[in-house]
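**Q** entry_14.txt is reproduced below (compact mmCIF, C-alpha atoms and all ligand atoms).
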```txt
# COMPACT_ATOMS: atom_id res chain seq x y z
CA MET A 1 112.29 -14.23 48.44
CA GLY A 2 113.86 -17.21 50.19
CA PHE A 3 116.99 -16.89 52.31
CA LEU A 4 118.98 -19.06 49.87
CA ALA A 5 118.11 -17.04 46.72
CA GLY A 6 121.14 -16.91 44.40
CA LYS A 7 122.91 -19.86 46.10
CA ARG A 8 123.96 -22.95 44.16
CA ALA A 9 123.72 -26.18 46.12
CA LEU A 10 124.97 -29.67 45.31
CA VAL A 11 123.23 -32.45 47.23
CA VAL A 12 124.90 -35.88 47.32
CA GLY A 13 122.84 -38.87 48.42
CA VAL A 14 119.26 -38.71 47.15
CA ALA A 15 117.99 -42.27 46.61
CA SER A 16 114.24 -41.90 47.24
CA THR A 17 111.60 -39.51 48.58
CA ARG A 18 112.40 -40.95 52.03
CA SER A 19 116.08 -39.95 51.82
CA ILE A 20 117.28 -37.34 54.30
CA ALA A 21 118.92 -35.72 51.26
CA TRP A 22 115.46 -35.34 49.70
CA GLY A 23 114.20 -33.50 52.80
CA VAL A 24 117.21 -31.23 52.43
CA VAL A 25 116.61 -30.68 48.69
CA GLN A 26 113.03 -29.62 49.32
CA ALA A 27 113.98 -27.11 52.02
CA LEU A 28 116.82 -25.67 49.90
CA HIS A 29 114.45 -25.38 46.93
CA ARG A 30 111.78 -23.67 49.00
CA GLU A 31 114.33 -21.09 50.14
CA GLY A 32 115.30 -20.30 46.57
CA ALA A 33 118.54 -22.23 46.03
CA ASP A 34 119.50 -23.59 42.60
CA LEU A 35 120.04 -27.33 42.90
CA ALA A 36 122.23 -30.04 41.49
CA LEU A 37 121.73 -33.64 42.63
CA THR A 38 124.02 -36.63 42.50
CA TYR A 39 123.01 -40.25 42.88
CA GLN A 40 124.91 -43.50 43.18
CA GLY A 41 125.10 -45.46 39.94
CA ASP A 42 122.81 -45.97 36.96
CA LYS A 43 120.17 -47.94 38.87
CA LEU A 44 118.95 -44.74 40.54
CA GLU A 45 119.22 -42.51 37.44
CA GLU A 46 115.58 -42.53 36.35
CA ARG A 47 114.13 -42.12 39.85
CA VAL A 48 116.45 -39.30 40.87
CA ALA A 49 116.02 -37.51 37.50
CA LYS A 50 112.27 -37.39 38.20
CA LEU A 51 112.90 -35.98 41.68
CA GLY A 52 115.29 -33.44 40.17
CA ASP A 53 112.54 -32.30 37.80
CA GLN A 54 110.27 -31.61 40.78
CA VAL A 55 112.71 -28.96 42.04
CA ASN A 56 113.89 -27.71 38.62
CA ALA A 57 117.37 -29.08 39.31
CA SER A 58 120.05 -27.58 37.03
CA ALA A 59 121.93 -30.89 36.94
CA CYS A 60 121.41 -34.50 37.92
CA LEU A 61 124.63 -36.51 37.87
CA SER A 62 125.81 -39.95 38.83
CA MET A 63 128.65 -40.07 41.38
CA ASP A 64 130.02 -43.12 43.18
CA VAL A 65 131.96 -41.74 46.15
CA ALA A 66 133.97 -44.98 46.38
CA GLU A 67 135.99 -43.93 43.30
CA ASP A 68 138.12 -40.77 43.07
CA LYS A 69 137.86 -40.92 39.27
CA ASP A 70 134.08 -40.96 39.45
CA ILE A 71 134.02 -38.02 41.88
CA ASP A 72 136.29 -36.06 39.51
CA ARG A 73 134.16 -36.96 36.47
CA ALA A 74 131.01 -35.80 38.25
CA PHE A 75 132.60 -32.43 39.09
CA ASP A 76 133.89 -32.09 35.51
CA GLU A 77 130.29 -32.59 34.36
CA LEU A 78 128.96 -30.16 36.97
CA ARG A 79 131.41 -27.49 35.75
CA GLU A 80 129.62 -27.60 32.37
CA THR A 81 126.57 -26.17 34.18
CA TRP A 82 128.05 -24.08 37.02
CA ASP A 83 131.42 -22.41 37.53
CA GLN A 84 130.95 -21.91 41.27
CA LEU A 85 129.30 -23.63 44.20
CA ASP A 86 127.92 -22.22 47.51
CA ILE A 87 126.62 -25.29 49.33
CA ILE A 88 127.46 -29.00 49.38
CA VAL A 89 125.33 -31.43 51.34
CA HIS A 90 126.89 -34.88 51.86
CA SER A 91 124.23 -37.41 52.88
CA VAL A 92 125.93 -40.73 52.28
CA GLY A 93 126.59 -43.64 54.59
CA PHE A 94 127.21 -47.31 54.02
CA ALA A 95 128.53 -50.43 55.69
CA PRO A 96 128.09 -53.99 54.37
CA ARG A 97 124.68 -55.23 55.59
CA GLU A 98 126.15 -58.04 57.74
CA GLN A 99 128.07 -55.45 59.80
CA LEU A 100 124.80 -54.13 61.22
CA ASP A 101 123.10 -57.14 62.77
CA GLY A 102 124.53 -58.75 65.89
CA ARG A 103 127.26 -58.20 68.46
CA TYR A 104 129.98 -55.73 67.41
CA ILE A 105 133.00 -57.96 67.94
CA ASP A 106 131.28 -60.84 66.14
CA CYS A 107 130.30 -58.65 63.15
CA VAL A 108 133.28 -56.38 62.63
CA THR A 109 135.89 -57.35 60.02
CA ARG A 110 138.87 -55.50 58.57
CA GLU A 111 137.07 -55.19 55.22
CA GLY A 112 133.74 -54.13 56.78
CA PHE A 113 135.56 -51.49 58.83
CA ARG A 114 137.44 -50.25 55.76
CA ILE A 115 134.32 -49.93 53.62
CA ALA A 116 132.28 -48.21 56.35
CA HIS A 117 135.03 -45.64 56.94
CA ASP A 118 135.74 -45.17 53.23
CA ILE A 119 132.14 -44.56 52.14
CA SER A 120 130.75 -42.95 55.30
CA SER A 121 133.68 -40.76 56.38
CA TYR A 122 136.48 -40.36 53.80
CA SER A 123 133.95 -39.55 51.07
CA PHE A 124 133.16 -36.21 52.75
CA PRO A 125 136.68 -34.72 52.51
CA ALA A 126 137.08 -36.50 49.15
CA VAL A 127 134.10 -34.60 47.75
CA ALA A 128 135.35 -31.35 49.32
CA LYS A 129 138.78 -31.89 47.73
CA ALA A 130 137.28 -32.35 44.26
CA ALA A 131 134.93 -29.39 44.74
CA ARG A 132 137.61 -27.08 46.18
CA PRO A 133 138.36 -25.13 42.95
CA MET A 134 134.63 -24.39 42.52
CA LEU A 135 133.84 -23.36 46.09
CA ARG A 136 132.86 -19.73 46.68
CA ASP A 137 134.67 -18.02 49.54
CA ASN A 138 131.65 -18.16 51.84
CA ALA A 139 130.67 -21.70 50.92
CA SER A 140 129.01 -24.04 53.42
CA LEU A 141 129.63 -27.80 53.57
CA LEU A 142 127.33 -30.09 55.50
CA THR A 143 127.20 -33.79 56.34
CA MET A 144 124.77 -36.13 58.12
CA SER A 145 125.78 -37.93 61.31
CA TYR A 146 124.10 -40.00 63.97
CA LEU A 147 124.26 -40.40 67.76
CA GLY A 148 126.16 -43.68 67.27
CA ALA A 149 129.23 -41.46 66.75
CA ILE A 150 129.35 -40.73 70.49
CA ARG A 151 127.18 -43.41 72.14
CA ALA A 152 127.04 -47.18 71.78
CA ILE A 153 123.80 -48.11 69.99
CA PRO A 154 122.80 -51.77 69.47
CA ASN A 155 123.56 -53.09 65.95
CA TYR A 156 124.96 -49.76 64.71
CA ASN A 157 128.35 -51.41 65.24
CA VAL A 158 131.13 -50.26 62.88
CA MET A 159 128.99 -47.34 61.67
CA GLY A 160 129.60 -45.81 65.14
CA PRO A 161 133.38 -45.51 64.67
CA ALA A 162 132.76 -44.39 61.06
CA LYS A 163 130.44 -41.57 62.24
CA ALA A 164 132.95 -40.60 64.95
CA SER A 165 135.53 -40.29 62.18
CA LEU A 166 133.08 -38.28 60.06
CA GLU A 167 132.51 -35.85 62.95
CA ALA A 168 136.27 -35.46 63.39
CA ASN A 169 136.44 -34.74 59.65
CA VAL A 170 133.93 -31.91 60.20
CA ARG A 171 136.28 -30.31 62.74
CA PHE A 172 139.50 -30.80 60.74
CA MET A 173 137.86 -29.59 57.51
CA ALA A 174 136.39 -26.57 59.32
CA ALA A 175 139.78 -25.69 60.81
CA ASP A 176 141.53 -26.06 57.45
CA LEU A 177 138.98 -24.31 55.22
CA GLY A 178 138.06 -21.59 57.72
CA ARG A 179 140.88 -19.32 56.49
CA ASP A 180 139.16 -19.36 53.09
CA GLY A 181 135.80 -18.42 54.65
CA ILE A 182 134.37 -21.89 54.06
CA ARG A 183 132.23 -23.35 56.85
CA VAL A 184 131.84 -27.07 57.58
CA ASN A 185 129.18 -28.55 59.87
CA GLY A 186 127.31 -31.73 60.61
CA ILE A 187 123.72 -32.52 61.52
CA SER A 188 123.23 -35.42 63.91
CA ALA A 189 119.72 -36.56 63.00
CA GLY A 190 117.44 -38.69 65.13
CA PRO A 191 116.47 -42.06 63.65
CA MET A 192 114.04 -41.92 60.76
CA LYS A 193 112.58 -44.37 58.31
CA THR A 194 114.64 -44.31 55.09
CA LEU A 195 116.08 -46.93 52.70
CA ALA A 196 119.18 -47.05 54.92
CA SER A 197 117.14 -47.95 57.99
CA ALA A 198 114.75 -50.35 56.23
CA GLY A 199 115.40 -53.90 57.33
CA ILE A 200 117.37 -52.92 60.44
CA SER A 201 116.33 -55.27 63.27
CA ASN A 202 113.92 -53.68 65.75
CA PHE A 203 113.98 -50.28 64.00
CA ARG A 204 110.33 -49.66 64.89
CA TYR A 205 111.14 -50.33 68.58
CA MET A 206 114.01 -47.87 68.28
CA LEU A 207 111.80 -45.12 66.77
CA ASN A 208 109.31 -45.53 69.64
CA TYR A 209 112.06 -45.66 72.28
CA VAL A 210 113.66 -42.47 70.97
CA ALA A 211 110.35 -40.60 70.57
CA ASP A 212 109.38 -41.54 74.13
CA GLY A 213 112.78 -40.57 75.52
CA SER A 214 113.03 -37.26 73.66
CA ALA A 215 112.12 -33.89 75.15
CA LEU A 216 109.61 -33.22 72.35
CA LYS A 217 108.11 -36.74 72.60
CA ARG A 218 108.31 -37.39 68.88
CA ASN A 219 110.75 -38.48 66.17
CA ALA A 220 112.60 -35.96 64.03
CA THR A 221 111.27 -35.55 60.47
CA LEU A 222 112.80 -34.95 57.05
CA ASP A 223 111.48 -31.38 57.29
CA ASP A 224 113.19 -30.84 60.67
CA VAL A 225 116.52 -31.90 59.16
CA GLY A 226 115.93 -30.08 55.84
CA ASN A 227 115.16 -26.78 57.58
CA THR A 228 118.29 -27.01 59.74
CA ALA A 229 120.34 -27.83 56.64
CA ALA A 230 118.91 -24.77 54.86
CA PHE A 231 119.85 -22.60 57.87
CA LEU A 232 123.40 -24.01 58.09
CA GLY A 233 123.85 -23.56 54.34
CA SER A 234 122.76 -19.94 54.51
CA ASP A 235 124.51 -16.74 55.60
CA LEU A 236 122.21 -16.77 58.66
CA ALA A 237 124.71 -19.34 60.04
CA ALA A 238 127.79 -17.26 59.07
CA GLY A 239 129.32 -17.66 62.55
CA ILE A 240 128.84 -21.42 62.87
CA THR A 241 131.55 -23.85 61.77
CA GLY A 242 132.98 -27.16 62.97
CA GLU A 243 129.76 -27.92 64.85
CA ILE A 244 127.54 -30.97 65.09
CA ILE A 245 123.95 -29.75 65.47
CA TYR A 246 121.53 -32.30 66.94
CA VAL A 247 118.19 -32.47 65.14
CA ASP A 248 116.76 -35.21 67.34
CA CYS A 249 113.86 -33.56 69.20
CA GLY A 250 116.07 -33.42 72.30
CA PHE A 251 116.91 -37.11 72.73
CA ASN A 252 120.69 -36.99 73.12
CA MET A 253 120.69 -34.48 75.97
CA MET A 254 118.20 -36.24 78.25
CA GLY A 255 119.69 -37.89 81.32
CA MET A 256 116.69 -40.12 82.02
CA GLY A 257 112.93 -40.28 81.53
CA PHE A 258 110.74 -37.99 83.65
CA PRO A 259 108.08 -40.39 85.00
CA GLU A 260 105.41 -37.72 85.60
CA GLN A 261 105.49 -36.79 81.89
CA SER A 262 104.59 -40.12 80.31
P1 LIG A 301 119.34 -43.24 52.13
O1 LIG A 301 119.52 -44.67 51.83
O2 LIG A 301 118.18 -42.56 51.55
O3 LIG A 301 120.64 -42.42 51.77
C1 LIG A 301 121.92 -42.98 51.77
C2 LIG A 301 122.55 -42.55 50.48
O4 LIG A 301 123.91 -42.95 50.41
C3 LIG A 301 121.85 -43.15 49.27
O5 LIG A 301 121.46 -42.11 48.40
C4 LIG A 301 122.92 -44.02 48.65
O6 LIG A 301 122.81 -44.09 47.23
C5 LIG A 301 124.16 -43.25 49.07
N1 LIG A 301 125.38 -44.01 48.90
C6 LIG A 301 125.78 -45.15 49.53
N2 LIG A 301 126.97 -45.56 49.03
C7 LIG A 301 127.32 -44.67 48.07
C8 LIG A 301 128.42 -44.55 47.17
N3 LIG A 301 129.40 -45.45 47.15
N4 LIG A 301 128.45 -43.49 46.32
C9 LIG A 301 127.46 -42.57 46.33
N5 LIG A 301 126.39 -42.63 47.15
C10 LIG A 301 126.33 -43.67 48.00
O7 LIG A 301 119.33 -43.15 53.73
P2 LIG A 301 119.40 -41.88 54.71
O8 LIG A 301 118.90 -42.40 56.00
O9 LIG A 301 118.77 -40.72 54.07
O10 LIG A 301 120.97 -41.66 54.86
C11 LIG A 301 121.61 -40.44 54.54
C12 LIG A 301 122.62 -40.06 55.61
O11 LIG A 301 121.92 -39.76 56.81
C13 LIG A 301 123.62 -41.15 55.95
O12 LIG A 301 124.89 -40.58 56.18
C14 LIG A 301 123.07 -41.70 57.24
O13 LIG A 301 124.09 -42.29 58.02
C15 LIG A 301 122.55 -40.43 57.87
N6 LIG A 301 121.60 -40.60 58.98
C16 LIG A 301 120.48 -41.38 58.82
C17 LIG A 301 119.58 -41.51 59.89
C18 LIG A 301 118.35 -42.39 59.78
O14 LIG A 301 117.81 -42.77 60.81
N7 LIG A 301 117.86 -42.70 58.59
C19 LIG A 301 119.82 -40.83 61.08
C20 LIG A 301 120.97 -40.03 61.20
C21 LIG A 301 121.84 -39.93 60.13
O1 LIG A 302 123.44 -44.24 59.46
C1 LIG A 302 122.40 -44.88 59.40
C2 LIG A 302 122.24 -45.94 58.35
C3 LIG A 302 123.51 -46.72 58.22
C4 LIG A 302 123.51 -47.83 57.22
C5 LIG A 302 122.42 -48.63 56.92
C6 LIG A 302 122.56 -49.68 56.03
C7 LIG A 302 121.44 -50.60 55.69
C8 LIG A 302 121.63 -51.32 54.40
C9 LIG A 302 124.73 -48.11 56.64
N1 LIG A 302 124.88 -49.13 55.78
C10 LIG A 302 123.84 -49.90 55.45
N2 LIG A 302 124.05 -50.96 54.61
C11 LIG A 302 123.05 -51.69 54.12
O2 LIG A 302 123.29 -52.66 53.36
N3 LIG A 302 121.41 -44.61 60.31
C12 LIG A 302 121.67 -43.63 61.34
C13 LIG A 302 120.13 -45.35 60.36
C14 LIG A 302 120.32 -46.48 61.29
O3 LIG A 302 120.90 -47.63 60.88
C15 LIG A 302 121.00 -48.45 61.98
C16 LIG A 302 120.47 -47.81 63.10
C17 LIG A 302 120.04 -46.53 62.67
C18 LIG A 302 119.45 -45.47 63.51
C19 LIG A 302 121.53 -49.73 62.09
C20 LIG A 302 121.52 -50.36 63.32
C21 LIG A 302 120.99 -49.73 64.44
C22 LIG A 302 120.47 -48.45 64.34
```
Here is the file; what I need is its structure written in the form of C-alpha cells.

**A**
Amino acid sequence: MGFLAGKRALVVGVASTRSIAWGVVQALHREGADLALTYQGDKLEERVAKLGDQVNASACLSMDVAEDKDIDRAFDELRETWDQLDIIVHSVGFAPREQLDGRYIDCVTREGFRIAHDISSYSFPAVAKAARPMLRDNASLLTMSYLGAIRAIPNYNVMGPAKASLEANVRFMAADLGRDGIRVNGISAGPMKTLASAGISNFRYMLNYVADGSALKRNATLDDVGNTAAFLGSDLAAGITGEIIYVDCGFNMMGMGFPEQS
C-alpha cells in the first residue's frame, strides 16, 4: 500500500504530460492518493480529462486562478465529489511573454508586474482561502518555486520578484495555518522542459549550464519533483512546514565548479 493511501489530493496546473503538475500527479497516484485535477480554461479540458482518466481522477475541473469567482465555483463543484481535502498542489505561474525576454528594467511594466504577482503568487493563498473549509486538520499545501526567487537569472525578470513573493507566502501561510495543523511548503525545482519554458531564449544553454554546475551533474526530472511532492504531502513530512525544498540536483548550493570533476 502506498504512503498516500486514503489521502485526497487536488492538483492545480496540469496542462500537458510535460507539466511539473503531471509529474506530481503520477507520484501521488502511485502512492495511492485519490486525485482531482484542475486546468485553466476550456481549451485544455479535453487533454486534461484524458490525463485524469489515466490516474482514475475523481474530478477534473476548470479553474482560472485570476478570478475569485472561478476559484469559488471550482471548489463548489469539487464539494459535490469530496467533502474534505488532504493535499493541495499549486503548480501555476505566469507573466506576459514580453516580460521574459530582455533586460529587466526595459521589460518590466506596472501591468506585467501586477499580472505576474497575481497569477504566480496571490493565487496560492487565494486557493488556500477558498479551500479552507474543506481542509483536513493535517492537510498539506504545496507550491512550485524557482531559484529566480533568490538569485538574479537572465530573462526571468519579473518572475523573480513574483517567486520571492510566493516563497514569502509559503512562510506566512505556514505560520497562520500551523495552529490548525496544516502544513505549507514549496519546492524550488531546477529548470526543466515544459510548456512554460518552451520558447524561452537560450533555455537549452541554461539546462546544460545547470546540469554541469550541479553536484549530481544532471537536470532534475518530473519524477524527482513528483516524489518530493508526494513526500511533502504525506505524514512522513509531518514536522516540515514553511520550508522551500530544493529539487535541483544540488545546483543552488554550489559555490563554483570543481575543475577536476568535469
Ligand atoms: P506548465 O506550463 O506545464 O504549467 C503552468 C501551469 O499554469 C499551466 O497548467 C497553466 O495552465 C497554469 N496557469 C497559468 N495561468 C493560469 C490561470 N490564470 N489559472 C489557472 N492556471 C493557470 O509549466 P511548468 O513548468 O510545469 O510550471 C508549473 C510551475 O512550476 C510554475 O509555478 C513554474 O513557475 C514552476 N517551475 C517551473 C520550472 C521549469 O523549469 N519548468 C522550474 C521551477 C519551477
Ligand atoms: O517559472 C518558470 C516559467 C515562468 C513563465 C514562463 C512563461 C512562458 C510563456 C511564466 N510566464 C510565462 N508566460 C508565457 O507567455 N520557470 C522556472 C521556467 C523558466 O522560465 C524562464 C526561465 C526558466 C527556468 C524564463 C526566463 C529564464 C529562465

**Q** Need to verify the contact set: Pro191 of chain A, 10 Å, all atoms listed in the file, exclusion of same-chain residues closer than 4 positions in sequence. Can you return it as a PyMOL selection string?

**A** chain A and resi 146-147+197+203-204+206-208+210-211+219-221+247-248

**Q** What does the distance between atom CA of Gly186 of chain A and atom P1 of ligand LIG 301 (chain A) come to in Å, to one decimal place?

**A**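 The value is 16.4 Å.
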
**Q** List as a tab-separated table every residue of chain A that is in contact with ligand LIG 302 (chain A), defined as an atom at most 9 Å from one of its atoms (using all atoms listed in the file), together with the nearest atom pair and the distance in Å rounded to one decimal, sorted by chain and then rising number.

**A**
```
residue	atom	partner	partner_atom	distance
A:Val92	CA	A:LIG302	O1	8.4
A:Gly93	CA	A:LIG302	C9	5.3
A:Phe94	CA	A:LIG302	N1	3.4
A:Ala95	CA	A:LIG302	N1	3.9
A:Pro96	CA	A:LIG302	N2	5.1
A:Arg97	CA	A:LIG302	O2	3.7
A:Glu98	CA	A:LIG302	O2	7.5
A:Gln99	CA	A:LIG302	N2	8.0
A:Leu100	CA	A:LIG302	C20	5.4
A:Asp101	CA	A:LIG302	C20	7.0
A:Ala116	CA	A:LIG302	N1	7.5
A:Ser120	CA	A:LIG302	C9	8.0
A:Met144	CA	A:LIG302	O1	8.3
A:Ser145	CA	A:LIG302	O1	7.0
A:Tyr146	CA	A:LIG302	C12	5.1
A:Leu147	CA	A:LIG302	C12	7.6
A:Gly148	CA	A:LIG302	C12	7.4
A:Ile153	CA	A:LIG302	C21	6.4
A:Pro154	CA	A:LIG302	C21	5.7
A:Asn155	CA	A:LIG302	C20	4.3
A:Tyr156	CA	A:LIG302	C20	3.8
A:Asn157	CA	A:LIG302	C20	7.2
A:Met159	CA	A:LIG302	C3	6.5
A:Gly160	CA	A:LIG302	O1	8.5
A:Lys163	CA	A:LIG302	O1	8.0
A:Ser188	CA	A:LIG302	C12	8.7
A:Ala189	CA	A:LIG302	C12	7.5
A:Gly190	CA	A:LIG302	C18	7.3
A:Pro191	CA	A:LIG302	C18	4.5
A:Met192	CA	A:LIG302	C13	7.0
A:Lys193	CA	A:LIG302	C13	7.9
A:Thr194	CA	A:LIG302	C13	7.7
A:Leu195	CA	A:LIG302	C7	7.2
A:Ala196	CA	A:LIG302	C5	4.1
A:Ser197	CA	A:LIG302	C13	4.6
A:Ala198	CA	A:LIG302	C7	6.7
A:Gly199	CA	A:LIG302	C7	7.1
A:Ile200	CA	A:LIG302	C19	5.5
A:Ser201	CA	A:LIG302	C20	7.1
A:Asn202	CA	A:LIG302	C21	8.2
A:Phe203	CA	A:LIG302	C22	6.8
A:Met206	CA	A:LIG302	C22	7.6
A:Leu207	CA	A:LIG302	C18	8.3
```

**Q** Go ahead and save the residues from that selection, with C-alpha atoms, as a JSON list (two decimals), in the frame of the given file.

**A**
```
[["chain", "number", "residue", "atom", "x", "y", "z"],
["A", 92, "VAL", "CA", 125.93, -40.73, 52.28],
["A", 93, "GLY", "CA", 126.59, -43.64, 54.59],
["A", 94, "PHE", "CA", 127.21, -47.31, 54.02],
["A", 95, "ALA", "CA", 128.53, -50.43, 55.69],
["A", 96, "PRO", "CA", 128.09, -53.99, 54.37],
["A", 97, "ARG", "CA", 124.68, -55.23, 55.59],
["A", 98, "GLU", "CA", 126.15, -58.04, 57.74],
["A", 99, "GLN", "CA", 128.07, -55.45, 59.80],
["A", 100, "LEU", "CA", 124.80, -54.13, 61.22],
["A", 101, "ASP", "CA", 123.10, -57.14, 62.77],
["A", 116, "ALA", "CA", 132.28, -48.21, 56.35],
["A", 120, "SER", "CA", 130.75, -42.95, 55.30],
["A", 144, "MET", "CA", 124.77, -36.13, 58.12],
["A", 145, "SER", "CA", 125.78, -37.93, 61.31],
["A", 146, "TYR", "CA", 124.10, -40.00, 63.97],
["A", 147, "LEU", "CA", 124.26, -40.40, 67.76],
["A", 148, "GLY", "CA", 126.16, -43.68, 67.27],
["A", 153, "ILE", "CA", 123.80, -48.11, 69.99],
["A", 154, "PRO", "CA", 122.80, -51.77, 69.47],
["A", 155, "ASN", "CA", 123.56, -53.09, 65.95],
["A", 156, "TYR", "CA", 124.96, -49.76, 64.71],
["A", 157, "ASN", "CA", 128.35, -51.41, 65.24],
["A", 159, "MET", "CA", 128.99, -47.34, 61.67],
["A", 160, "GLY", "CA", 129.60, -45.81, 65.14],
["A", 163, "LYS", "CA", 130.44, -41.57, 62.24],
["A", 188, "SER", "CA", 123.23, -35.42, 63.91],
["A", 189, "ALA", "CA", 119.72, -36.56, 63.00],
["A", 190, "GLY", "CA", 117.44, -38.69, 65.13],
["A", 191, "PRO", "CA", 116.47, -42.06, 63.65],
["A", 192, "MET", "CA", 114.04, -41.92, 60.76],
["A", 193, "LYS", "CA", 112.58, -44.37, 58.31],
["A", 194, "THR", "CA", 114.64, -44.31, 55.09],
["A", 195, "LEU", "CA", 116.08, -46.93, 52.70],
["A", 196, "ALA", "CA", 119.18, -47.05, 54.92],
["A", 197, "SER", "CA", 117.14, -47.95, 57.99],
["A", 198, "ALA", "CA", 114.75, -50.35, 56.23],
["A", 199, "GLY", "CA", 115.40, -53.90, 57.33],
["A", 200, "ILE", "CA", 117.37, -52.92, 60.44],
["A", 201, "SER", "CA", 116.33, -55.27, 63.27],
["A", 202, "ASN", "CA", 113.92, -53.68, 65.75],
["A", 203, "PHE", "CA", 113.98, -50.28, 64.00],
["A", 206, "MET", "CA", 114.01, -47.87, 68.28],
["A", 207, "LEU", "CA", 111.80, -45.12, 66.77]]
```

**Q** For a quick check of understanding, using all atoms listed in the file, which of A:Gly23, A:Gly102, A:Pro259, A:Gly13 has the smallest distance to ligand LIG 301 (chain A)?

**A** A:Gly13

**Q** From the options A:Ile20, A:Val127, A:Ala33, A:Leu142, which residue's atoms come nearest to Lys69 of chain A, counting only C-alpha atoms?

**A**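 With only C-alpha atoms as the atom set, the closest residue is A:Val127.
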
**Q** Could you put an axis-aligned box around every listed atom of segment 82-88 of chain A, padded by 6 Å on each side, and send me its centre and edge lengths in Å to one decimal, as JSON?

**A**
```
{"center_x": 129.0, "center_y": -25.5, "center_z": 43.2, "size_x": 16.8, "size_y": 19.1, "size_z": 24.4}
```

**Q** Please indicate the distance in Å from atom CA of Thr241 of chain A to atom CA of Arg171 of chain A, rounded to one decimal place.

**A**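 Between atom CA of Thr241 of chain A and atom CA of Arg171 of chain A the gap is 8.1 Å.
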
**Q** In Å to one decimal, how far is atom CA of Val184 of chain A from atom CA of Thr17 of chain A?

**A** 25.4 Å

**Q** Step by step: start from the point (116.6, -18.6, 50.5) in the file's coordinates, keep every protein, DNA or RNA residue that has an atom no farther than 8 Å from it, count only C-alpha atoms, and write the set as a list in words.

**A** Met1, Gly2, Phe3, Leu4, Ala5, Gly6, Lys7, Leu28, His29, Arg30, Glu31, Gly32, Ala33, Ala230 and Ser234 of chain A

**Q** Quick one: of A:Met253, A:Ala9, A:Ala162, A:Val55, who's nearest to Ala139 of chain A, counting only C-alpha atoms?

**A**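 Of the candidates, the smallest distance to Ala139 of chain A is held by A:Ala9.
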
**Q** So, with all atoms listed in the file as the atoms that count, which of A:Ala149, A:Val25, A:Leu141, A:Val65 lies closest to ligand LIG 301 (chain A)?

**A** A:Val65

**Q** Using the structure just given, write a file holding N, CA, C and O atoms for segment 37-48 of chain A, as a PDB file, in the first residue's frame.

**A**
```
ATOM      1  N   LEU A  37      -8.085  17.003 -10.479  1.00  0.00           N
ATOM      2  CA  LEU A  37      -7.223  17.916 -11.250  1.00  0.00           C
ATOM      3  C   LEU A  37      -8.015  19.163 -11.617  1.00  0.00           C
ATOM      4  O   LEU A  37      -9.219  19.100 -11.853  1.00  0.00           O
ATOM      5  N   THR A  38      -7.310  20.297 -11.666  1.00  0.00           N
ATOM      6  CA  THR A  38      -7.922  21.466 -12.295  1.00  0.00           C
ATOM      7  C   THR A  38      -7.005  21.964 -13.401  1.00  0.00           C
ATOM      8  O   THR A  38      -5.791  21.796 -13.351  1.00  0.00           O
ATOM      9  N   TYR A  39      -7.644  22.554 -14.400  1.00  0.00           N
ATOM     10  CA  TYR A  39      -6.924  23.089 -15.552  1.00  0.00           C
ATOM     11  C   TYR A  39      -7.470  24.474 -15.842  1.00  0.00           C
ATOM     12  O   TYR A  39      -8.560  24.848 -15.363  1.00  0.00           O
ATOM     13  N   GLN A  40      -6.684  25.229 -16.608  1.00  0.00           N
ATOM     14  CA  GLN A  40      -7.053  26.619 -16.900  1.00  0.00           C
ATOM     15  C   GLN A  40      -7.885  26.694 -18.171  1.00  0.00           C
ATOM     16  O   GLN A  40      -7.348  26.559 -19.262  1.00  0.00           O
ATOM     17  N   GLY A  41      -9.182  26.925 -18.044  1.00  0.00           N
ATOM     18  CA  GLY A  41      -9.987  27.255 -19.219  1.00  0.00           C
ATOM     19  C   GLY A  41     -10.336  26.067 -20.105  1.00  0.00           C
ATOM     20  O   GLY A  41      -9.713  25.016 -20.042  1.00  0.00           O
ATOM     21  N   ASP A  42     -11.319  26.278 -20.969  1.00  0.00           N
ATOM     22  CA  ASP A  42     -11.908  25.196 -21.756  1.00  0.00           C
ATOM     23  C   ASP A  42     -10.968  24.599 -22.790  1.00  0.00           C
ATOM     24  O   ASP A  42     -11.128  23.456 -23.195  1.00  0.00           O
ATOM     25  N   LYS A  43      -9.955  25.396 -23.209  1.00  0.00           N
ATOM     26  CA  LYS A  43      -9.043  24.916 -24.237  1.00  0.00           C
ATOM     27  C   LYS A  43      -8.324  23.638 -23.812  1.00  0.00           C
ATOM     28  O   LYS A  43      -7.979  22.792 -24.634  1.00  0.00           O
ATOM     29  N   LEU A  44      -8.081  23.513 -22.507  1.00  0.00           N
ATOM     30  CA  LEU A  44      -7.307  22.377 -22.000  1.00  0.00           C
ATOM     31  C   LEU A  44      -8.200  21.214 -21.570  1.00  0.00           C
ATOM     32  O   LEU A  44      -7.706  20.143 -21.224  1.00  0.00           O
ATOM     33  N   GLU A  45      -9.535  21.423 -21.605  1.00  0.00           N
ATOM     34  CA  GLU A  45     -10.461  20.458 -20.994  1.00  0.00           C
ATOM     35  C   GLU A  45     -10.251  19.025 -21.480  1.00  0.00           C
ATOM     36  O   GLU A  45     -10.078  18.107 -20.674  1.00  0.00           O
ATOM     37  N   GLU A  46     -10.241  18.871 -22.821  1.00  0.00           N
ATOM     38  CA  GLU A  46     -10.188  17.521 -23.389  1.00  0.00           C
ATOM     39  C   GLU A  46      -8.886  16.814 -23.017  1.00  0.00           C
ATOM     40  O   GLU A  46      -8.879  15.675 -22.568  1.00  0.00           O
ATOM     41  N   ARG A  47      -7.763  17.570 -23.186  1.00  0.00           N
ATOM     42  CA  ARG A  47      -6.448  16.989 -22.917  1.00  0.00           C
ATOM     43  C   ARG A  47      -6.310  16.576 -21.445  1.00  0.00           C
ATOM     44  O   ARG A  47      -5.870  15.487 -21.131  1.00  0.00           O
ATOM     45  N   VAL A  48      -6.717  17.449 -20.559  1.00  0.00           N
ATOM     46  CA  VAL A  48      -6.545  17.164 -19.126  1.00  0.00           C
ATOM     47  C   VAL A  48      -7.517  16.072 -18.675  1.00  0.00           C
ATOM     48  O   VAL A  48      -7.164  15.235 -17.824  1.00  0.00           O
TER      49      VAL A  48
END
```
